[in-house]
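Here's final.cif, which has mmCIF, C-alpha atoms:
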data_run
loop_
_atom_site.label_atom_id
_atom_site.label_comp_id
_atom_site.auth_asym_id
_atom_site.auth_seq_id
_atom_site.Cartn_x
_atom_site.Cartn_y
_atom_site.Cartn_z
CA MET R 20 0.00 0.00 0.00
CA ILE R 21 1.45 3.39 -1.03
CA SER R 22 1.09 5.74 1.90
CA ALA R 23 2.37 8.96 0.29
CA PRO R 24 0.96 10.34 -2.97
CA GLY R 25 3.38 9.90 -5.86
CA VAL R 26 5.76 7.57 -4.05
CA GLY R 27 4.80 4.52 -6.05
CA SER R 28 4.02 6.08 -9.42
CA GLY R 29 5.99 9.30 -9.48
CA LEU R 30 2.69 11.16 -9.96
CA ASP R 31 2.87 14.70 -8.31
CA VAL R 32 -0.57 14.55 -6.73
CA SER R 33 -0.15 17.68 -4.56
CA SER R 34 0.93 19.85 -7.47
CA ILE R 35 -1.88 18.56 -9.69
CA VAL R 36 -4.51 19.21 -6.99
CA GLU R 37 -3.14 22.70 -6.23
CA GLN R 38 -3.28 23.70 -9.91
CA LEU R 39 -6.78 22.34 -10.32
CA MET R 40 -7.93 24.11 -7.14
CA SER R 41 -6.44 27.42 -8.32
CA ILE R 42 -8.87 27.21 -11.21
CA GLU R 43 -11.71 26.18 -8.92
CA ARG R 44 -10.98 29.16 -6.63
CA ARG R 45 -11.37 31.84 -9.29
CA PRO R 46 -15.03 32.55 -8.38
CA LEU R 47 -13.97 32.79 -4.71
CA ASN R 48 -11.21 35.24 -5.62
CA ARG R 49 -13.78 37.38 -7.43
CA LEU R 50 -16.02 37.36 -4.36
CA GLU R 51 -13.13 38.39 -2.11
CA SER R 52 -12.23 41.17 -4.55
CA ASP R 53 -15.87 42.34 -4.50
CA LYS R 54 -15.82 42.37 -0.71
CA GLN R 55 -12.64 44.47 -0.64
CA ASP R 56 -14.28 46.92 -3.05
CA PHE R 57 -17.40 47.17 -0.86
CA GLU R 58 -15.24 47.74 2.24
CA ALA R 59 -13.17 50.40 0.47
CA ARG R 60 -16.35 52.22 -0.59
CA LEU R 61 -17.75 51.91 2.93
CA SER R 62 -14.56 53.46 4.33
CA ALA R 63 -14.77 56.22 1.70
CA PHE R 64 -18.32 57.06 2.77
CA GLY R 65 -17.07 57.24 6.36
CA GLN R 66 -14.44 59.77 5.26
CA LEU R 67 -17.08 61.71 3.35
CA LYS R 68 -19.43 61.81 6.33
CA SER R 69 -16.63 62.97 8.62
CA ALA R 70 -15.62 65.71 6.15
CA LEU R 71 -19.21 66.92 5.83
CA SER R 72 -19.62 67.00 9.63
CA THR R 73 -16.37 68.94 10.00
CA PHE R 74 -17.54 71.42 7.38
CA GLN R 75 -20.90 71.74 9.11
CA SER R 76 -19.17 72.48 12.43
CA ALA R 77 -17.32 75.35 10.75
CA LEU R 78 -20.70 76.90 9.96
CA ASP R 79 -21.78 77.13 13.61
CA ASP R 80 -20.57 80.71 14.05
CA LEU R 81 -22.19 81.90 10.82
CA LYS R 82 -25.35 79.93 10.10
CA THR R 83 -27.72 81.88 12.37
CA LEU R 84 -28.22 85.61 12.81
CA ASP R 85 -27.69 85.24 16.56
CA ALA R 86 -24.25 83.76 15.87
CA PHE R 87 -23.25 87.08 14.27
CA GLU R 88 -24.04 88.99 17.45
CA VAL R 89 -20.44 88.79 18.65
CA TYR R 90 -19.20 91.58 20.88
CA LYS R 91 -16.02 92.35 22.74
CA ALA R 92 -15.79 94.21 26.02
CA GLU R 93 -12.60 96.07 26.86
CA SER R 94 -11.45 97.70 30.08
CA SER R 95 -9.18 100.72 30.04
CA ASP R 96 -7.68 99.47 33.33
CA GLU R 97 -7.36 95.69 33.43
CA THR R 98 -5.75 95.84 36.86
CA ALA R 99 -9.14 97.03 38.20
CA PHE R 100 -11.49 94.86 36.17
CA THR R 101 -11.79 92.82 32.98
CA ALA R 102 -14.96 92.19 31.01
CA THR R 103 -16.53 89.87 28.45
CA ALA R 104 -19.69 90.30 26.39
CA ASP R 105 -22.22 87.85 24.97
CA SER R 106 -24.69 88.08 22.09
CA THR R 107 -27.21 90.08 24.17
CA ALA R 108 -24.81 92.98 24.71
CA ALA R 109 -25.11 96.36 23.02
CA THR R 110 -22.38 98.63 21.75
CA GLY R 111 -21.56 101.52 24.07
CA SER R 112 -19.38 102.55 27.00
CA ASN R 113 -19.62 103.03 30.76
CA ASP R 114 -17.43 104.43 33.50
CA ILE R 115 -16.74 101.80 36.16
CA GLN R 116 -15.27 102.40 39.63
CA VAL R 117 -14.57 99.37 41.83
CA VAL R 118 -15.41 100.80 45.25
CA SER R 119 -14.86 97.53 47.09
CA LEU R 120 -14.25 93.88 46.37
CA ALA R 121 -16.32 91.09 47.81
CA GLU R 122 -14.65 89.22 50.65
CA SER R 123 -15.13 85.94 52.46
CA HIS R 124 -16.11 86.26 56.13
CA LYS R 125 -13.23 85.33 58.44
CA MET R 126 -13.13 84.69 62.18
CA GLY R 127 -10.07 84.04 64.35
CA SER R 128 -9.63 82.49 67.78
CA VAL R 129 -7.65 83.64 70.77
CA ALA R 130 -4.03 82.43 70.99
CA ILE R 131 -3.71 78.75 71.97
CA PRO R 132 -0.33 77.67 73.35
CA ASP R 133 -0.01 74.56 71.16
CA THR R 134 -1.85 72.66 68.45
CA GLY R 135 -1.59 69.08 69.64
CA THR R 136 -1.72 68.98 73.45
CA THR R 137 -4.07 71.57 74.93
CA THR R 138 -7.71 70.47 74.80
CA LEU R 139 -10.58 72.87 74.30
CA GLY R 140 -13.93 72.80 76.12
CA GLY R 141 -15.27 69.74 77.83
CA ALA R 142 -16.60 66.38 76.76
CA GLY R 143 -19.88 66.73 74.85
CA ASP R 144 -19.38 70.38 73.90
CA GLN R 145 -20.62 71.21 70.41
CA MET R 146 -19.84 73.90 67.86
CA THR R 147 -22.54 74.78 65.29
CA ILE R 148 -21.71 76.92 62.25
CA THR R 149 -24.39 78.52 60.06
CA VAL R 150 -23.88 79.88 56.55
CA ASP R 151 -26.70 81.39 54.48
CA GLY R 152 -29.39 79.57 56.47
CA ALA R 153 -27.68 76.13 56.44
CA SER R 154 -25.74 74.73 59.38
CA PHE R 155 -23.64 71.81 60.58
CA SER R 156 -22.32 70.79 64.01
CA VAL R 157 -19.04 69.38 65.30
CA ASP R 158 -18.52 67.58 68.61
CA GLY R 159 -15.38 69.57 69.40
CA GLY R 160 -15.28 69.39 73.22
CA GLY R 161 -12.02 67.85 74.47
CA MET R 162 -10.26 68.19 71.11
CA THR R 163 -6.92 69.83 70.43
CA LEU R 164 -6.67 72.71 68.00
CA SER R 165 -5.47 70.42 65.19
CA GLU R 166 -8.23 67.91 65.89
CA LEU R 167 -10.90 70.61 65.86
CA ARG R 168 -9.57 72.00 62.57
CA ASP R 169 -9.71 68.54 60.96
CA ALA R 170 -13.18 67.83 62.38
CA ILE R 171 -14.55 71.01 60.80
CA ASN R 172 -12.91 70.42 57.41
CA ASP R 173 -13.87 66.74 57.29
CA ALA R 174 -17.47 67.14 58.43
CA PRO R 175 -19.62 65.38 55.80
CA ASP R 176 -22.33 68.04 56.08
CA ASN R 177 -19.97 71.03 56.05
CA VAL R 178 -21.97 73.86 54.45
CA GLY R 179 -19.04 75.94 53.20
CA VAL R 180 -16.47 76.65 55.92
CA SER R 181 -12.72 76.14 55.77
CA ALA R 182 -10.64 75.90 58.97
CA THR R 183 -6.92 76.53 59.19
CA ILE R 184 -4.33 77.25 61.89
CA ILE R 185 -2.15 80.36 61.88
CA SER R 186 0.98 79.94 64.01
CA GLU R 187 2.34 83.33 65.11
CA ASN R 188 5.13 81.73 67.12
CA SER R 189 5.80 78.53 69.05
CA SER R 190 3.34 79.46 71.80
CA SER R 191 0.66 81.30 69.88
CA HIS R 192 -1.62 79.40 67.49
CA ARG R 193 -4.97 80.59 66.26
CA LEU R 194 -7.88 78.80 64.59
CA VAL R 195 -9.14 80.78 61.57
CA LEU R 196 -12.52 80.02 60.00
CA THR R 197 -13.24 81.25 56.46
CA SER R 198 -16.48 81.09 54.53
CA THR R 199 -15.77 79.48 51.15
CA GLU R 200 -18.15 81.91 49.42
CA THR R 201 -17.88 85.70 49.41
CA GLY R 202 -20.44 88.32 50.40
CA ASP R 203 -22.61 89.19 53.35
CA ALA R 204 -25.12 86.46 52.56
CA ASN R 205 -22.40 83.91 53.27
CA ALA R 206 -21.25 85.33 56.60
CA MET R 207 -20.84 82.72 59.34
CA GLY R 208 -22.84 82.44 62.54
CA LEU R 209 -21.45 80.50 65.55
CA TYR R 210 -23.28 78.71 68.36
CA PHE R 211 -21.64 76.75 71.20
CA THR R 212 -22.58 74.51 74.08
CA GLY R 213 -20.42 74.19 77.15
CA SER R 214 -17.12 76.04 77.49
CA LEU R 215 -15.80 75.37 73.95
CA GLY R 216 -16.83 78.81 72.69
CA THR R 217 -15.16 80.56 75.63
CA ASP R 218 -11.90 78.65 75.16
CA LEU R 219 -11.78 79.51 71.45
CA GLY R 220 -12.84 83.14 71.80
CA LEU R 221 -13.57 83.46 68.08
CA SER R 222 -14.14 87.02 66.78
CA ASP R 223 -14.57 88.70 63.41
CA ILE R 224 -11.49 89.42 61.32
CA ASN R 225 -13.58 91.32 58.79
CA VAL R 226 -17.01 92.74 59.51
CA PRO R 227 -20.28 91.26 58.22
CA GLY R 228 -22.26 93.95 56.46
CA GLN R 229 -19.15 95.08 54.56
CA LEU R 230 -18.38 91.89 52.63
CA ASP R 231 -20.19 92.55 49.33
CA SER R 232 -18.54 94.02 46.27
CA GLU R 233 -19.59 97.53 45.29
CA LEU R 234 -19.46 99.26 41.90
CA LEU R 235 -20.17 102.82 40.90
CA ILE R 236 -21.35 102.93 37.28
CA ASP R 237 -21.23 106.22 35.38
CA GLY R 238 -20.75 108.00 38.70
CA ILE R 239 -24.46 107.53 39.51
CA TYR R 240 -25.50 103.91 39.89
CA THR R 241 -24.36 101.89 42.90
CA VAL R 242 -24.29 98.13 42.39
CA THR R 243 -23.62 95.67 45.22
CA ARG R 244 -23.22 91.92 44.76
CA SER R 245 -21.97 89.03 46.85
CA GLY R 246 -19.19 88.10 44.42
CA ASN R 247 -16.50 89.65 42.27
CA THR R 248 -17.87 88.23 39.02
CA ILE R 249 -20.94 90.26 38.09
CA ASP R 250 -23.04 89.30 35.07
CA ASP R 251 -26.31 91.06 35.82
CA ALA R 252 -25.38 94.70 36.21
CA ILE R 253 -24.96 95.61 32.51
CA ALA R 254 -26.98 93.54 30.05
CA GLY R 255 -24.86 91.04 28.17
CA VAL R 256 -21.64 91.99 29.99
CA THR R 257 -19.75 90.04 32.65
CA LEU R 258 -17.41 92.06 34.87
CA ASN R 259 -14.54 90.41 36.71
CA LEU R 260 -13.46 92.68 39.57
CA LEU R 261 -9.77 92.58 40.44
CA ALA R 262 -8.86 95.61 42.57
CA GLU R 263 -10.45 98.54 44.37
CA THR R 264 -9.99 101.94 42.73
CA THR R 265 -10.55 105.57 43.65
CA THR R 266 -11.26 106.63 40.08
CA SER R 267 -13.28 105.13 37.27
CA ALA R 268 -12.05 103.17 34.24
CA LYS R 269 -13.74 102.95 30.86
CA LEU R 270 -15.71 99.91 29.77
CA ALA R 271 -16.17 99.83 25.98
CA VAL R 272 -18.41 97.31 24.21
CA SER R 273 -18.13 96.98 20.43
CA ARG R 274 -18.78 94.45 17.69
CA ASP R 275 -16.02 91.87 17.49
CA THR R 276 -15.32 92.16 13.78
CA GLU R 277 -12.08 90.23 14.19
CA SER R 278 -13.97 87.17 15.44
CA VAL R 279 -16.46 87.45 12.58
CA THR R 280 -13.59 87.61 10.09
CA GLU R 281 -11.97 84.56 11.70
CA SER R 282 -15.26 82.67 11.48
CA VAL R 283 -15.63 83.51 7.78
CA GLN R 284 -12.04 82.41 7.15
CA SER R 285 -12.74 79.15 8.98
CA PHE R 286 -15.75 78.61 6.73
CA VAL R 287 -13.64 79.26 3.60
CA ASP R 288 -10.92 76.88 4.81
CA ALA R 289 -13.46 74.18 5.68
CA LYS R 290 -15.18 74.49 2.28
CA ASN R 291 -11.82 74.08 0.54
CA ALA R 292 -10.97 71.08 2.72
CA LEU R 293 -14.32 69.54 1.78
CA LYS R 294 -13.53 70.02 -1.92
CA THR R 295 -10.18 68.31 -1.37
CA THR R 296 -12.03 65.35 0.15
CA PHE R 297 -14.45 65.23 -2.79
CA ASP R 298 -11.52 65.22 -5.22
CA SER R 299 -9.62 62.54 -3.29
CA LEU R 300 -12.62 60.19 -3.30
CA SER R 301 -13.92 60.76 -6.83
CA GLY R 302 -10.74 61.01 -8.90
CA GLU R 303 -9.72 58.41 -11.45
CA GLY R 304 -9.12 55.06 -9.78
CA LYS R 305 -10.48 56.31 -6.45
CA ASP R 306 -12.94 54.41 -4.24
CA LEU R 307 -16.00 56.48 -5.25
CA GLU R 308 -14.92 57.33 -8.78
CA ALA R 309 -18.23 56.28 -10.38
CA ASP R 310 -20.49 56.76 -7.36
CA SER R 311 -23.57 58.83 -8.13
CA THR R 312 -24.20 59.64 -4.44
CA LEU R 313 -20.91 61.50 -4.08
CA ARG R 314 -21.51 63.47 -7.28
CA SER R 315 -25.06 64.27 -6.17
CA ILE R 316 -23.90 65.58 -2.77
CA GLU R 317 -21.18 67.73 -4.33
CA ASN R 318 -23.55 69.12 -6.96
CA GLN R 319 -26.27 69.92 -4.43
CA ILE R 320 -23.85 71.81 -2.18
CA GLN R 321 -22.46 73.73 -5.12
CA GLY R 322 -26.03 74.40 -6.25
CA VAL R 323 -26.69 76.31 -3.01
CA PHE R 324 -23.77 78.64 -3.69
CA ASN R 325 -24.88 79.05 -7.29
CA THR R 326 -28.38 80.12 -6.20
CA ASN R 327 -28.58 83.68 -4.90
CA PRO R 328 -30.86 84.31 -1.93
CA SER R 329 -34.07 86.21 -2.53
CA GLY R 330 -36.04 88.63 -0.39
CA LEU R 331 -33.09 89.97 1.61
CA THR R 332 -33.40 93.49 2.98
CA GLY R 333 -29.67 94.26 3.09
CA SER R 334 -27.45 95.75 0.42
CA PHE R 335 -25.69 92.49 -0.54
CA ALA R 336 -26.90 89.66 -2.78
CA HIS R 337 -23.67 87.77 -3.65
CA LEU R 338 -20.86 86.39 -1.49
CA SER R 339 -18.35 88.03 -3.82
CA GLU R 340 -19.70 91.42 -2.69
CA ILE R 341 -18.44 90.78 0.83
CA GLY R 342 -15.06 89.33 -0.18
CA VAL R 343 -15.86 85.60 -0.52
CA SER R 344 -15.41 84.33 -4.08
CA PHE R 345 -14.89 81.11 -6.00
CA GLN R 346 -11.63 80.63 -7.87
CA ARG R 347 -11.14 78.90 -11.21
CA ASP R 348 -10.12 75.65 -9.50
CA GLY R 349 -13.37 75.59 -7.51
CA THR R 350 -11.85 76.71 -4.20
CA LEU R 351 -13.03 79.68 -2.15
CA ALA R 352 -10.91 82.71 -1.30
CA LEU R 353 -11.47 85.52 1.21
CA ASP R 354 -10.53 89.14 0.71
CA SER R 355 -10.49 90.31 4.34
CA ASP R 356 -10.41 93.99 3.34
CA ASP R 357 -13.64 93.61 1.37
CA LEU R 358 -15.21 91.70 4.25
CA GLU R 359 -14.26 94.37 6.79
CA ALA R 360 -15.64 97.05 4.49
CA ALA R 361 -18.92 95.12 4.23
CA ILE R 362 -19.08 94.76 8.01
CA ALA R 363 -18.52 98.48 8.43
CA SER R 364 -21.04 99.55 5.78
CA ASP R 365 -23.91 97.12 6.40
CA PHE R 366 -23.29 94.60 9.16
CA SER R 367 -26.89 93.36 9.22
CA GLY R 368 -26.92 92.91 5.44
CA MET R 369 -23.66 90.97 5.56
CA ALA R 370 -24.97 88.72 8.33
CA GLU R 371 -28.25 88.20 6.50
CA LEU R 372 -26.39 87.03 3.38
CA PHE R 373 -24.90 84.18 5.40
CA ALA R 374 -27.59 83.41 7.91
CA HIS R 375 -31.01 84.71 6.84
CA ASP R 376 -33.58 82.22 8.11
CA ASP R 377 -34.50 80.22 4.96
CA GLN R 378 -32.45 82.17 2.40
CA GLY R 379 -28.94 82.65 3.85
CA TYR R 380 -26.24 80.70 2.01
CA LEU R 381 -24.97 78.91 5.10
CA PHE R 382 -28.45 78.45 6.55
CA ARG R 383 -29.38 76.51 3.40
CA VAL R 384 -26.10 74.57 3.24
CA ASP R 385 -26.42 73.55 6.89
CA ALA R 386 -29.97 72.26 6.36
CA LEU R 387 -28.83 70.37 3.24
CA ILE R 388 -25.91 68.68 5.01
CA ASP R 389 -28.21 67.64 7.86
CA GLY R 390 -30.04 65.46 5.37
CA PHE R 391 -26.77 63.85 4.33
CA VAL R 392 -25.16 63.12 7.72
CA GLN R 393 -28.07 62.64 10.13
CA THR R 394 -29.05 59.20 11.38
CA ASP R 395 -30.88 57.35 8.57
CA GLY R 396 -29.81 60.13 6.19
CA LEU R 397 -28.48 59.66 2.68
CA ILE R 398 -25.00 58.49 3.69
CA ASP R 399 -26.33 56.14 6.37
CA THR R 400 -28.62 54.60 3.74
CA ARG R 401 -25.66 54.01 1.41
CA GLU R 402 -23.56 52.59 4.26
CA ASP R 403 -26.41 50.26 5.25
CA GLY R 404 -26.62 49.04 1.66
CA LEU R 405 -22.88 48.38 1.50
CA ASN R 406 -22.90 46.60 4.86
CA SER R 407 -25.74 44.41 3.63
CA ARG R 408 -23.79 43.51 0.48
CA ILE R 409 -20.71 42.74 2.57
CA ASP R 410 -22.77 40.42 4.79
CA VAL R 411 -24.19 38.61 1.75
CA THR R 412 -20.73 38.33 0.19
CA ASP R 413 -19.28 36.99 3.46
CA GLN R 414 -21.91 34.27 3.50
CA ARG R 415 -21.25 33.38 -0.14
CA ILE R 416 -17.51 33.24 0.58
CA SER R 417 -18.09 30.99 3.57
CA ASP R 418 -20.35 28.65 1.56
CA MET R 419 -17.92 28.54 -1.35
CA GLU R 420 -14.92 27.87 0.92
CA TYR R 421 -16.81 24.91 2.39
CA ARG R 422 -17.61 23.51 -1.08
CA LEU R 423 -14.01 24.03 -2.19
CA GLU R 424 -12.74 22.11 0.83
CA LEU R 425 -14.97 19.19 -0.15
CA ARG R 426 -13.88 19.49 -3.79
CA GLU R 427 -10.21 19.52 -2.84
CA GLN R 428 -10.65 16.45 -0.64
CA ARG R 429 -12.40 14.58 -3.46
CA LEU R 430 -9.63 15.45 -5.90
CA ARG R 431 -6.97 14.31 -3.44
CA ASP R 432 -8.84 11.07 -2.85
CA GLN R 433 -9.23 10.48 -6.59
CA PHE R 434 -5.63 11.23 -7.48
CA THR R 435 -4.36 9.30 -4.47
CA ALA R 436 -6.38 6.28 -5.67
CA LEU R 437 -4.96 6.78 -9.16
CA ASP R 438 -1.49 7.05 -7.72
CA THR R 439 -2.02 3.83 -5.76
CA LEU R 440 -3.35 2.02 -8.84
CA MET R 441 -0.49 3.24 -10.99
CA GLY R 442 1.96 2.11 -8.33
CA GLN R 443 0.36 -1.30 -8.27
CA LEU R 444 0.43 -1.57 -12.06
CA GLN R 445 4.06 -0.47 -12.06
CA GLY R 446 4.83 -3.20 -9.52
CA THR R 447 3.06 -5.79 -11.66
CA SER R 448 4.93 -4.59 -14.72
CA ASP R 449 8.24 -4.86 -12.91
CA PHE R 450 7.37 -8.36 -11.68
CA LEU R 451 6.44 -9.56 -15.18
CA SER R 452 9.57 -8.05 -16.61
CA GLN R 453 11.65 -9.93 -14.02
CA GLN R 454 9.83 -13.20 -14.74
CA LEU R 455 10.21 -12.84 -18.46
CA ALA R 456 13.87 -12.04 -18.06
CA ALA R 457 14.34 -15.22 -16.03
CA LEU R 458 12.96 -17.53 -18.71
CA PRO R 459 15.59 -19.73 -20.48
CA THR R 460 16.71 -18.60 -23.86
CA ILE R 461 15.55 -20.92 -26.67
CA THR R 462 18.26 -21.47 -29.31
CA SER R 463 17.01 -22.42 -32.69
CA ARG R 464 18.63 -25.33 -34.56
CA LYS R 465 19.76 -25.24 -38.11
#

Please express what this file holds, its structure, as structure tokens.
Amino acid sequence: MISAPGVGSGLDVSSIVEQLMSIERRPLNRLESDKQDFEARLSAFGQLKSALSTFQSALDDLKTLDAFEVYKAESSDETAFTATADSTAATGSNDIQVVSLAESHKMGSVAIPDTGTTTLGGAGDQMTITVDGASFSVDGGGMTLSELRDAINDAPDNVGVSATIISENSSSHRLVLTSTETGDANAMGLYFTGSLGTDLGLSDINVPGQLDSELLIDGIYTVTRSGNTIDDAIAGVTLNLLAETTTSAKLAVSRDTESVTESVQSFVDAKNALKTTFDSLSGEGKDLEADSTLRSIENQIQGVFNTNPSGLTGSFAHLSEIGVSFQRDGTLALDSDDLEAAIASDFSGMAELFAHDDQGYLFRVDALIDGFVQTDGLIDTREDGLNSRIDVTDQRISDMEYRLELREQRLRDQFTALDTLMGQLQGTSDFLSQQLAALPTITSRK
């Protein structure tokens, strides 16, 4: 019995089967190539969706009229106060004097000779601290100064009090309590039982009733607040108080044209980046070269820019009039001087060109892209279709691989049987040849 293919007959069974199977595998190779193509297109749609989302994000500061209401607030003395403005601000100026800054209420104890030996009060004595109507208690009787400090700071229901120890010298240590929030509303109240309060002798370091910040606006209006960040004194403006002054400083609020220009430049850059993505996916030999969806998306976006808005009340009708223009290669360019001139001459008209509700260029582009990138949108539908085709192809590949395994085994069995038969026939042939050679030679007589 021949145990290895080809040993008996010289027949190269493995090579024959491999060559036959390479022919049998051609349909499988085509399926695997199809799957790679589907996966490449799926990846390309992922890149497209990401590029569209990035472009859409660049429209955030320009796609609504409210987004154009960008203001800057400047202080003529930033050592006294700084300021910021939001979209509800109005252009103008005010004189601001910081009469006083808001402070946290502080209380200090009498001098205690040490922090870790001398005990305060008696067993069971309590200390209750109240801040803005809320309170918590500490069983501080019999504790040292360090223990009492830690008990206050670690209290799970602490309502906003920080305790620390100030050491004046080796025999004079004082417990200092500080409200963690500023202003008179957050002043502390103390209540004791036993002798703990007497031993501590806590007294005010600064005086309740004088803890709020105070502003004098335009020399007439007095504003007091509990903190040093004030966002409700001047509409749309947040003041950050830094130092008390004896004279006023100027607060100026104006349109932030620099930010608007930066936003328009970001839009131009993002649009050009999107075109680069379109070109990289649709060029010759690229993954979406012949894909109608990509061409449709690109054409629809370009169609928005090719369609002028109607019904605007401003003095502009074309992006080129405010410095944004298409170049011969399809990219956008920004002339910042033209944009700044448009902002200066008709800010509302410029903003309306971008963001008019229903007609603004970017308002329409943003709504269009929503339909492409949203869940169950156009791109999701194409991705779902490709994923479905990949799943079907995977199943076909799996089925075909199973059939090919069976086919290969049958071929090996058949050629192995042939090899065995040929080996047996070769053995028989050799035996007969030996027998014939052993027969006596018959000499003929004359």

Checklist line | Shell around Asn172 in chain R at 8 Å using all atoms listed in the file, local window under 5 positions removed, as a VMD selection string | finding: chain R and resid 177 180 to 182

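Interatomic distance, CA of Asp158 in chain R against CA of Met146 in chain R: 6.5 Å.
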
Item checked: Ground truth for the PyMOL selection byres ((chain R and resi 370-372) around 12), written as a count of residues only -> 54

Please evaluate the PyMOL selection byres ((chain R and resi 46) around 12) against the structure above and give the resulting residues as an mmCIF file with C-alpha atoms, keeping the file's coordinate frame.
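Wrote part36.cif, looks like this:
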data_model
loop_
_atom_site.group_PDB
_atom_site.id
_atom_site.type_symbol
_atom_site.label_atom_id
_atom_site.label_comp_id
_atom_site.auth_asym_id
_atom_site.auth_seq_id
_atom_site.Cartn_x
_atom_site.Cartn_y
_atom_site.Cartn_z
ATOM 1 C CA MET R 40 -7.930 24.110 -7.140
ATOM 2 C CA SER R 41 -6.440 27.420 -8.320
ATOM 3 C CA ILE R 42 -8.870 27.210 -11.210
ATOM 4 C CA GLU R 43 -11.710 26.180 -8.920
ATOM 5 C CA ARG R 44 -10.980 29.160 -6.630
ATOM 6 C CA ARG R 45 -11.370 31.840 -9.290
ATOM 7 C CA LEU R 47 -13.970 32.790 -4.710
ATOM 8 C CA ASN R 48 -11.210 35.240 -5.620
ATOM 9 C CA ARG R 49 -13.780 37.380 -7.430
ATOM 10 C CA LEU R 50 -16.020 37.360 -4.360
ATOM 11 C CA GLU R 51 -13.130 38.390 -2.110
ATOM 12 C CA SER R 52 -12.230 41.170 -4.550
ATOM 13 C CA ASP R 53 -15.870 42.340 -4.500
ATOM 14 C CA THR R 412 -20.730 38.330 0.190
ATOM 15 C CA ARG R 415 -21.250 33.380 -0.140
ATOM 16 C CA ILE R 416 -17.510 33.240 0.580
ATOM 17 C CA ASP R 418 -20.350 28.650 1.560
ATOM 18 C CA MET R 419 -17.920 28.540 -1.350
ATOM 19 C CA GLU R 420 -14.920 27.870 0.920
ATOM 20 C CA ARG R 422 -17.610 23.510 -1.080
ATOM 21 C CA LEU R 423 -14.010 24.030 -2.190
#

Check: Got a sec to resolve the PyMOL selection byres ((chain R and resi 100-104) around 10) on this structure and send the residues as an MDAnalysis selection string?
Finding: chainID R and resid 89:99 105:110 115:117 247:250 253:264 268:275

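The list of residues with at least one atom within 10 Å of range 34-39 of chain R, based on all atoms listed in the file and without residues fewer than 6 positions apart in the same chain, reads Arg426, Glu427, Gln428, Arg429, Leu430, Arg431, Gln433 and Phe434 of chain R.
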
File dump, residues just selected, C-alpha atoms, as a PDB file, keeping the file's coordinate frame:
ATOM      1  CA  ARG R 426     -13.880  19.490  -3.790  1.00  0.00           C
ATOM      2  CA  GLU R 427     -10.210  19.520  -2.840  1.00  0.00           C
ATOM      3  CA  GLN R 428     -10.650  16.450  -0.640  1.00  0.00           C
ATOM      4  CA  ARG R 429     -12.400  14.580  -3.460  1.00  0.00           C
ATOM      5  CA  LEU R 430      -9.630  15.450  -5.900  1.00  0.00           C
ATOM      6  CA  ARG R 431      -6.970  14.310  -3.440  1.00  0.00           C
ATOM      7  CA  GLN R 433      -9.230  10.480  -6.590  1.00  0.00           C
ATOM      8  CA  PHE R 434      -5.630  11.230  -7.480  1.00  0.00           C
TER       9      PHE R 434
END

What are the centre and the three edge lengths of an axis-aligned box that wraps all atoms of range 228-234 of chain R in the file, given that 5 Å is added to every side, written as AutoDock Vina command-line options and rounded to one decimal in Å?
--center_x -20.3 --center_y 95.6 --center_z 49.2 --size_x 13.9 --size_y 17.4 --size_z 24.6

Next item on the list: Would you kindly return, as a PyMOL selection string, each protein, DNA or RNA residue with an atom no farther than 8 Å from any atom of Asp356 in chain R, considering only C-alpha atoms and excluding same-chain residues fewer than 3 positions away?
Entry: chain R and resi 342+359-360

Atoms to include: C-alpha atoms. Write the selected residues as a PDB file, in the frame of the given file.
ATOM      1  CA  GLY R 342     -15.060  89.330  -0.180  1.00  0.00           C
ATOM      2  CA  GLU R 359     -14.260  94.370   6.790  1.00  0.00           C
ATOM      3  CA  ALA R 360     -15.640  97.050   4.490  1.00  0.00           C
TER       4      ALA R 360
END

Item checked: All residues 10 Å or closer to Leu221 in chain R, all atoms listed in the file, same chain fewer than 4 positions away omitted, as a list in words -> Lys125, Met126, Gly127, Ser128, Val129, Arg193, Leu194, Val195, Leu196, Leu209, Gly216 and Thr217 of chain R

Keeping only C-alpha atoms, write the selected residues to a file as a CSV table (one decimal), in the coordinates of the input.
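Output below, filename again.csv:
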chain,number,residue,atom,x,y,z
R,125,LYS,CA,-13.2,85.3,58.4
R,126,MET,CA,-13.1,84.7,62.2
R,127,GLY,CA,-10.1,84.0,64.4
R,128,SER,CA,-9.6,82.5,67.8
R,129,VAL,CA,-7.6,83.6,70.8
R,193,ARG,CA,-5.0,80.6,66.3
R,194,LEU,CA,-7.9,78.8,64.6
R,195,VAL,CA,-9.1,80.8,61.6
R,196,LEU,CA,-12.5,80.0,60.0
R,209,LEU,CA,-21.4,80.5,65.6
R,216,GLY,CA,-16.8,78.8,72.7
R,217,THR,CA,-15.2,80.6,75.6

Notebook entry, point to check: Nearest to Gly202 in chain R among R:Asp173, R:Glu277, R:Asp449, R:Asp151, with distances taken over all atoms listed in the file: which residue is it?
Noted result: R:Asp151

Check: Within 10 Å of Val226 in chain R, counting only C-alpha atoms, which residues qualify if same-chain residues fewer than 2 places away don't, as a ChimeraX atom specification?
Finding: /R:122-126,203,206,222-224,228-230

Check: Of the candidates R:Gly446, R:Gly220, R:Gly396, R:Pro227, which one gets nearest to Ala130 in chain R if we count only C-alpha atoms?
Finding: R:Gly220

Checklist line | Proximity to Thr265 in chain R - best of R:Asn318, R:Ser119, R:Gln414, R:Thr394, all atoms listed in the file | finding: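 The closest residue to Thr265 in chain R is R:Ser119.
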
Next item on the list: May I ask for the distance between CA of Thr243 in chain R and CA of Ile148 in chain R, given in Å to one decimal place?
Entry: 25.4 Å
